[in-house]
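Source file: query-v2.cif (mmCIF, C-alpha atoms)
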data_input
#
loop_
_atom_site.label_atom_id
_atom_site.label_comp_id
_atom_site.auth_asym_id
_atom_site.auth_seq_id
_atom_site.Cartn_x
_atom_site.Cartn_y
_atom_site.Cartn_z
CA MET A 1 0.94 4.00 28.56
CA SER A 2 -2.45 2.40 28.90
CA GLY A 3 -3.14 -1.20 27.89
CA THR A 4 -5.18 -0.08 24.87
CA LEU A 5 -2.30 1.99 23.55
CA VAL A 6 0.17 -0.90 23.99
CA LEU A 7 -2.19 -3.24 22.11
CA PHE A 8 -2.75 -0.59 19.44
CA TRP A 9 0.95 -0.16 18.72
CA ALA A 10 1.57 -3.91 18.84
CA PHE A 11 -1.06 -4.56 16.18
CA ALA A 12 -0.07 -1.45 14.21
CA GLY A 13 3.52 -2.70 14.12
CA LEU A 14 2.32 -6.13 13.01
CA ALA A 15 0.21 -4.54 10.26
CA LEU A 16 3.07 -2.39 8.97
CA ALA A 17 5.64 -5.22 9.11
CA SER A 18 3.40 -7.66 7.28
CA ALA A 19 2.45 -4.98 4.71
CA LEU A 20 6.18 -4.57 4.09
CA GLY A 21 6.40 -8.34 3.68
CA CYS A 22 3.50 -8.22 1.23
CA ILE A 23 5.21 -5.73 -1.09
CA THR A 24 8.71 -7.25 -0.87
CA ARG A 25 8.17 -11.02 -1.15
CA ARG A 26 8.87 -12.29 -4.65
CA SER A 27 6.45 -15.19 -4.57
CA PRO A 28 2.82 -14.05 -5.06
CA VAL A 29 1.63 -16.72 -2.61
CA ALA A 30 3.91 -15.35 0.13
CA SER A 31 2.67 -11.82 -0.68
CA ALA A 32 -0.94 -12.97 -0.36
CA LEU A 33 -0.31 -14.66 2.98
CA TRP A 34 1.45 -11.57 4.37
CA LEU A 35 -1.54 -9.52 3.22
CA VAL A 36 -3.82 -11.86 5.20
CA VAL A 37 -1.71 -11.13 8.31
CA THR A 38 -2.12 -7.39 7.63
CA LEU A 39 -5.89 -7.81 7.34
CA PHE A 40 -6.02 -9.69 10.65
CA ALA A 41 -3.97 -6.98 12.39
CA LEU A 42 -6.23 -4.30 10.91
CA ALA A 43 -9.29 -6.17 12.23
CA ALA A 44 -7.71 -6.02 15.70
CA LEU A 45 -7.16 -2.25 15.25
CA PHE A 46 -10.84 -1.88 14.27
CA VAL A 47 -11.85 -3.58 17.54
CA LEU A 48 -9.67 -1.14 19.48
CA LEU A 49 -11.34 1.75 17.62
CA ASP A 50 -14.89 0.71 18.69
CA ALA A 51 -15.81 -0.94 15.36
CA GLN A 52 -16.32 -4.57 16.35
CA PHE A 53 -18.90 -5.30 13.64
CA ILE A 54 -16.59 -3.90 10.95
CA ALA A 55 -13.76 -6.05 12.36
CA VAL A 56 -15.87 -9.19 11.95
CA LEU A 57 -16.82 -8.10 8.42
CA GLN A 58 -13.15 -7.53 7.68
CA LEU A 59 -12.32 -11.10 8.68
CA LEU A 60 -15.28 -12.63 6.85
CA VAL A 61 -15.21 -10.60 3.64
CA TYR A 62 -11.54 -9.66 3.21
CA ALA A 63 -9.56 -12.45 4.85
CA GLY A 64 -12.24 -15.02 4.13
CA ALA A 65 -13.60 -14.29 0.68
CA ILE A 66 -11.38 -11.85 -1.20
CA MET A 67 -8.05 -13.40 -0.23
CA VAL A 68 -9.31 -16.89 -1.05
CA LEU A 69 -10.23 -15.52 -4.49
CA PHE A 70 -6.67 -14.15 -4.86
CA LEU A 71 -5.04 -17.41 -3.78
CA PHE A 72 -7.39 -19.35 -6.04
CA VAL A 73 -6.37 -17.28 -9.09
CA ILE A 74 -2.65 -17.59 -8.18
CA MET A 75 -2.99 -21.36 -7.98
CA LEU A 76 -5.14 -21.49 -11.13
CA LEU A 77 -2.52 -19.59 -13.16
CA ASN A 78 0.27 -21.65 -11.57
CA LEU A 79 2.16 -18.53 -10.42
CA GLY A 80 3.26 -19.96 -7.08
CA HIS A 81 6.96 -19.92 -7.94
CA PRO A 82 8.65 -16.48 -8.02
CA GLY A 83 9.44 -14.98 -11.41
CA PRO A 84 12.97 -14.07 -12.56
CA MET A 85 12.81 -10.33 -11.85
CA ASP A 86 9.68 -8.78 -10.45
CA VAL A 87 10.85 -5.30 -9.44
CA LYS A 88 11.09 -2.40 -11.88
CA GLY A 89 14.41 -0.98 -13.09
CA PRO A 90 16.38 1.88 -11.44
CA VAL A 91 14.25 4.58 -13.10
CA GLY A 92 11.09 2.91 -11.81
CA VAL A 93 12.53 2.55 -8.31
CA GLY A 94 13.63 6.22 -8.29
CA THR A 95 10.18 7.39 -9.41
CA ALA A 96 8.52 5.17 -6.84
CA PHE A 97 10.63 6.52 -3.98
CA LEU A 98 10.11 10.13 -5.12
CA LEU A 99 6.33 9.82 -5.46
CA GLY A 100 5.99 7.68 -2.33
CA GLY A 101 8.10 10.09 -0.30
CA VAL A 102 6.05 13.10 -1.40
CA LEU A 103 2.82 11.23 -0.61
CA LEU A 104 4.03 10.13 2.82
CA PHE A 105 5.12 13.71 3.60
CA GLN A 106 1.69 15.08 2.65
CA LEU A 107 -0.20 12.41 4.59
CA TRP A 108 2.07 12.89 7.59
CA ILE A 109 1.18 16.58 7.74
CA LEU A 110 -2.52 15.80 7.37
CA ARG A 111 -2.24 13.40 10.32
CA GLN A 112 -2.16 16.34 12.73
CA ALA A 113 -5.31 17.89 11.29
CA ALA A 114 -8.09 16.96 13.68
CA PRO A 115 -11.76 17.64 12.82
CA PRO A 116 -13.03 20.92 14.30
CA ALA A 117 -14.28 20.59 17.86
CA SER A 118 -17.72 21.98 16.93
CA ILE A 119 -18.66 18.87 14.91
CA GLN A 120 -17.01 16.33 17.19
CA LEU A 121 -19.16 14.10 19.36
CA PRO A 122 -18.37 13.89 23.06
CA PRO A 123 -15.79 11.15 23.78
CA GLY A 124 -17.25 7.68 24.21
CA SER A 125 -20.56 8.50 22.52
CA VAL A 126 -20.12 5.83 19.83
CA ALA A 127 -19.40 3.21 22.51
CA ARG A 128 -22.50 4.38 24.41
CA LEU A 129 -24.63 4.15 21.25
CA GLN A 130 -23.36 0.61 20.70
CA GLN A 131 -24.29 -0.28 24.27
CA GLU A 132 -27.80 1.07 23.84
CA GLN A 133 -28.58 -0.38 20.40
CA GLY A 134 -26.22 -3.34 20.24
CA LEU A 135 -23.09 -3.63 18.09
CA VAL A 136 -24.99 -4.55 14.93
CA GLY A 137 -28.00 -2.35 15.63
CA ALA A 138 -25.90 0.81 15.90
CA ILE A 139 -24.76 0.30 12.29
CA ALA A 140 -27.85 -1.39 10.87
CA GLN A 141 -30.26 1.32 12.00
CA PRO A 142 -28.72 4.19 9.94
CA LEU A 143 -27.73 1.77 7.16
CA PHE A 144 -31.34 0.81 6.45
CA ASP A 145 -32.68 4.26 7.23
CA THR A 146 -30.49 7.16 6.10
CA TYR A 147 -28.32 5.13 3.74
CA LEU A 148 -31.01 2.87 2.26
CA ILE A 149 -30.62 4.08 -1.34
CA PRO A 150 -26.80 3.68 -1.41
CA PHE A 151 -27.31 0.22 0.09
CA GLU A 152 -29.70 -0.74 -2.71
CA ILE A 153 -27.31 0.67 -5.32
CA THR A 154 -24.62 -1.62 -3.86
CA SER A 155 -26.72 -4.59 -4.90
CA LEU A 156 -26.75 -3.29 -8.49
CA LEU A 157 -22.96 -2.88 -8.33
CA LEU A 158 -22.51 -6.45 -7.13
CA LEU A 159 -24.83 -7.73 -9.87
CA ALA A 160 -22.83 -5.86 -12.50
CA ALA A 161 -19.57 -7.26 -11.08
CA LEU A 162 -21.03 -10.77 -11.11
CA VAL A 163 -22.12 -10.53 -14.74
CA GLY A 164 -18.84 -8.88 -15.74
CA ALA A 165 -16.71 -11.53 -14.04
CA VAL A 166 -18.64 -14.35 -15.71
CA VAL A 167 -18.43 -12.71 -19.14
CA LEU A 168 -14.69 -11.98 -18.79
CA ALA A 169 -13.73 -15.38 -17.42
CA LYS A 170 -15.71 -17.36 -19.98
CA ARG A 171 -13.59 -18.86 -22.73
CA ARG A 172 -16.12 -17.98 -25.42
CA LEU A 173 -19.68 -16.77 -25.22
CA MET B 1 -7.41 8.94 22.19
CA LEU B 2 -6.20 6.87 19.28
CA LEU B 3 -7.12 9.22 16.41
CA GLY B 4 -3.63 10.62 15.72
CA PRO B 5 -1.78 7.28 15.88
CA ALA B 6 -4.46 5.60 13.75
CA LEU B 7 -4.18 8.28 11.06
CA GLY B 8 -0.38 7.90 11.12
CA VAL B 9 -0.57 4.13 10.72
CA SER B 10 -3.10 4.57 7.95
CA ALA B 11 -0.80 7.02 6.11
CA ALA B 12 2.13 4.59 6.39
CA LEU B 13 0.02 1.66 5.15
CA PHE B 14 -1.30 3.67 2.21
CA THR B 15 2.23 4.70 1.25
CA LEU B 16 3.38 1.07 1.43
CA GLY B 17 0.53 0.17 -0.94
CA VAL B 18 1.58 2.94 -3.35
CA PHE B 19 5.18 1.67 -3.19
CA GLY B 20 4.00 -1.81 -4.06
CA VAL B 21 1.98 -0.59 -7.04
CA LEU B 22 4.89 1.49 -8.34
CA LEU B 23 7.62 -1.08 -7.74
CA ARG B 24 6.18 -4.45 -8.69
CA ARG B 25 5.50 -5.90 -12.13
CA ASN B 26 3.31 -8.84 -11.25
CA ALA B 27 -0.31 -7.85 -11.93
CA ILE B 28 -1.68 -9.92 -9.04
CA VAL B 29 0.75 -8.41 -6.51
CA ILE B 30 -0.17 -4.92 -7.76
CA PHE B 31 -3.80 -5.83 -7.26
CA MET B 32 -3.09 -6.92 -3.68
CA CYS B 33 -1.35 -3.59 -3.05
CA VAL B 34 -4.52 -1.80 -4.20
CA GLU B 35 -6.41 -3.82 -1.58
CA LEU B 36 -3.82 -2.66 0.95
CA MET B 37 -4.55 0.97 0.05
CA LEU B 38 -8.30 0.40 0.39
CA ASN B 39 -7.68 -1.06 3.85
CA ALA B 40 -5.58 1.93 4.88
CA VAL B 41 -8.48 4.21 3.93
CA ASN B 42 -10.87 1.97 5.89
CA LEU B 43 -8.68 2.48 8.95
CA THR B 44 -9.02 6.26 8.49
CA PHE B 45 -12.80 5.99 8.26
CA VAL B 46 -13.03 3.85 11.39
CA ALA B 47 -10.67 6.12 13.35
CA LEU B 48 -12.70 9.21 12.45
CA ALA B 49 -16.00 7.41 13.10
CA GLN B 50 -15.01 7.28 16.76
CA ARG B 51 -15.19 11.08 16.86
CA LEU B 52 -17.78 11.91 14.20
CA GLY B 53 -20.44 9.20 14.52
CA VAL B 54 -21.07 5.73 13.05
CA ALA B 55 -21.55 7.03 9.48
CA GLY B 56 -17.83 6.37 8.97
CA GLN B 57 -18.30 2.71 9.80
CA ILE B 58 -21.15 2.50 7.31
CA PHE B 59 -18.84 3.94 4.67
CA VAL B 60 -16.36 1.16 5.41
CA PHE B 61 -19.20 -1.26 4.67
CA PHE B 62 -19.64 0.31 1.21
CA VAL B 63 -15.88 0.34 0.58
CA MET B 64 -15.82 -3.39 1.30
CA ALA B 65 -18.64 -4.01 -1.18
CA VAL B 66 -16.77 -2.02 -3.86
CA ALA B 67 -13.54 -3.91 -3.03
CA ALA B 68 -15.29 -7.25 -3.44
CA ALA B 69 -16.74 -6.23 -6.81
CA GLU B 70 -13.37 -4.85 -7.90
CA ALA B 71 -11.56 -8.04 -6.89
CA ALA B 72 -13.99 -10.22 -8.82
CA VAL B 73 -13.83 -8.16 -12.04
CA GLY B 74 -10.08 -7.45 -11.77
CA LEU B 75 -9.14 -11.07 -11.26
CA ALA B 76 -11.37 -12.05 -14.19
CA ILE B 77 -9.49 -9.49 -16.33
CA ILE B 78 -6.14 -10.88 -15.15
CA LEU B 79 -7.37 -14.38 -15.99
CA ALA B 80 -8.37 -13.24 -19.50
CA ILE B 81 -4.99 -11.51 -20.01
CA PHE B 82 -3.15 -14.63 -18.86
CA ARG B 83 -5.13 -16.75 -21.29
CA HIS B 84 -4.37 -14.32 -24.12
CA ARG B 85 -0.67 -13.55 -23.46
CA GLY B 86 0.50 -16.41 -21.22
CA THR B 87 1.90 -14.03 -18.56
CA VAL B 88 0.78 -11.57 -15.90
CA ASP B 89 4.02 -9.57 -16.03
CA LEU B 90 2.92 -6.02 -16.84
CA GLN B 91 6.13 -5.34 -18.75
CA ASN B 92 4.96 -7.67 -21.51
CA ILE B 93 1.51 -6.11 -21.74
CA ASN B 94 2.31 -3.02 -23.80
CA LEU B 95 -0.20 -3.06 -26.62
CA LEU B 96 -0.93 0.68 -26.22
CA LYS B 97 2.73 1.70 -25.96
CA GLY B 98 3.78 4.08 -28.76
#
What do you get writing this file as structure tokens?
Amino acid sequence: MSGTLVLFWAFAGLALASALGCITRRSPVASALWLVVTLFALAALFVLLDAQFIAVLQLLVYAGAIMVLFLFVIMLLNLGHPGPMDVKGPVGVGTAFLLGGVLLFQLWILRQAAPPASIQLPPGSVARLQQEQGLVGAIAQPLFDTYLIPFEITSLLLLAALVGAVVLAKRRL
Amino acid sequence: MLLGPALGVSAALFTLGVFGVLLRRNAIVIFMCVELMLNAVNLTFVALAQRLGVAGQIFVFFVMAVAAAEAAVGLAIILAIFRHRGTVDLQNINLLKG
């Protein structure tokens, strides 16, 4: 096993274990902190998959901004202590295991489906592109060229979210 | 290459997120599980970007923007619900139940 593969499985195991912690801890604060560990492990996986810029974004935006927002709301609502009973009843648990099992089965089959060889790039071509244009340049060039209109629409989305959050969180207008 | 293992890990993470959404009652924990699912999909995009070009990584960028907007609006909704009902337990929020 190569060093990359060992690192990959180490961080994948960390991500899965902490995701399990996130969905099983009763205290919302503990759940949020386990989710932060998952996000860090996923950032490490992104680095191993030649997406260093996305890994940095993951740390800054997800672990930095979004999780702070979550923890802030948990503290604001004073939900730090675990509730009496947070898990659904036996019918809910049965439904969850049935649906989750079916989903996992379907995804597990899909895992073996590789993209057809005719549209695949030669191995290492993304890493080579990043070496030629720089880590940020390789993403920024198509982002502001081919994907310029979606990028601009994102700004509208963020504006709408900003206005919506202010309107919803205000006590009275 | 890491494509197969990455897709497997992504499938397992997504299923864990679905489990969390289906099992828990706390609205904030359910919301965090949705973030977990979004991250599992991001892992798929990044894994496939290694084979199919950097467009996958750009898509992750957009997913992150949508996740940030969703977190802001969703948490504001949870805040409004808490102010109105005094709880974020979804069992008590059954206004539309017949």
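Residues from chain B that have an atom within 6 Å of chain A, counting all atoms listed in the file, are Leu7, Gly8, Ala11, Thr15, Gly20, Leu22, Leu23, Arg24, Arg25, Arg51, Leu52, Ala69, Val73 and Ala76 of chain B.
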Inset, instruction - May I have the residues within 6 Å of range 88-90 of chain B as a list of chain:residue names, using all atoms listed in the file and disregarding those fewer than 6 positions away in the same chain? - result: B:Arg25, B:Asn26, B:Ala27, B:Phe82
Inset, instruction - Using CA of Val18 in chain B and CA of Ala68 in chain B as the two end points, give the distance in Å to one decimal. - result: 19.7 Å
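With distances taken over all atoms listed in the file, B:Met32 is the one residue among B:Val21, B:Met1, B:Met32, B:Leu13 lying closest to Glu70 in chain B.
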Legend entry - Separation of CA of Val56 in chain A from CA of Val6 in chain A, in Å and rounded to one decimal: 21.7 Å
Inset, instruction - Rounded to one decimal place, report the CA of Gln91 in chain B-CA of Phe31 in chain B distance in Å. - result: 15.2 Å
Legend entry - Residue nearest Thr44 in chain B - candidates B:Leu3, B:Leu16, B:Gly86, B:Ala71, atoms counted: only C-alpha atoms: B:Leu3
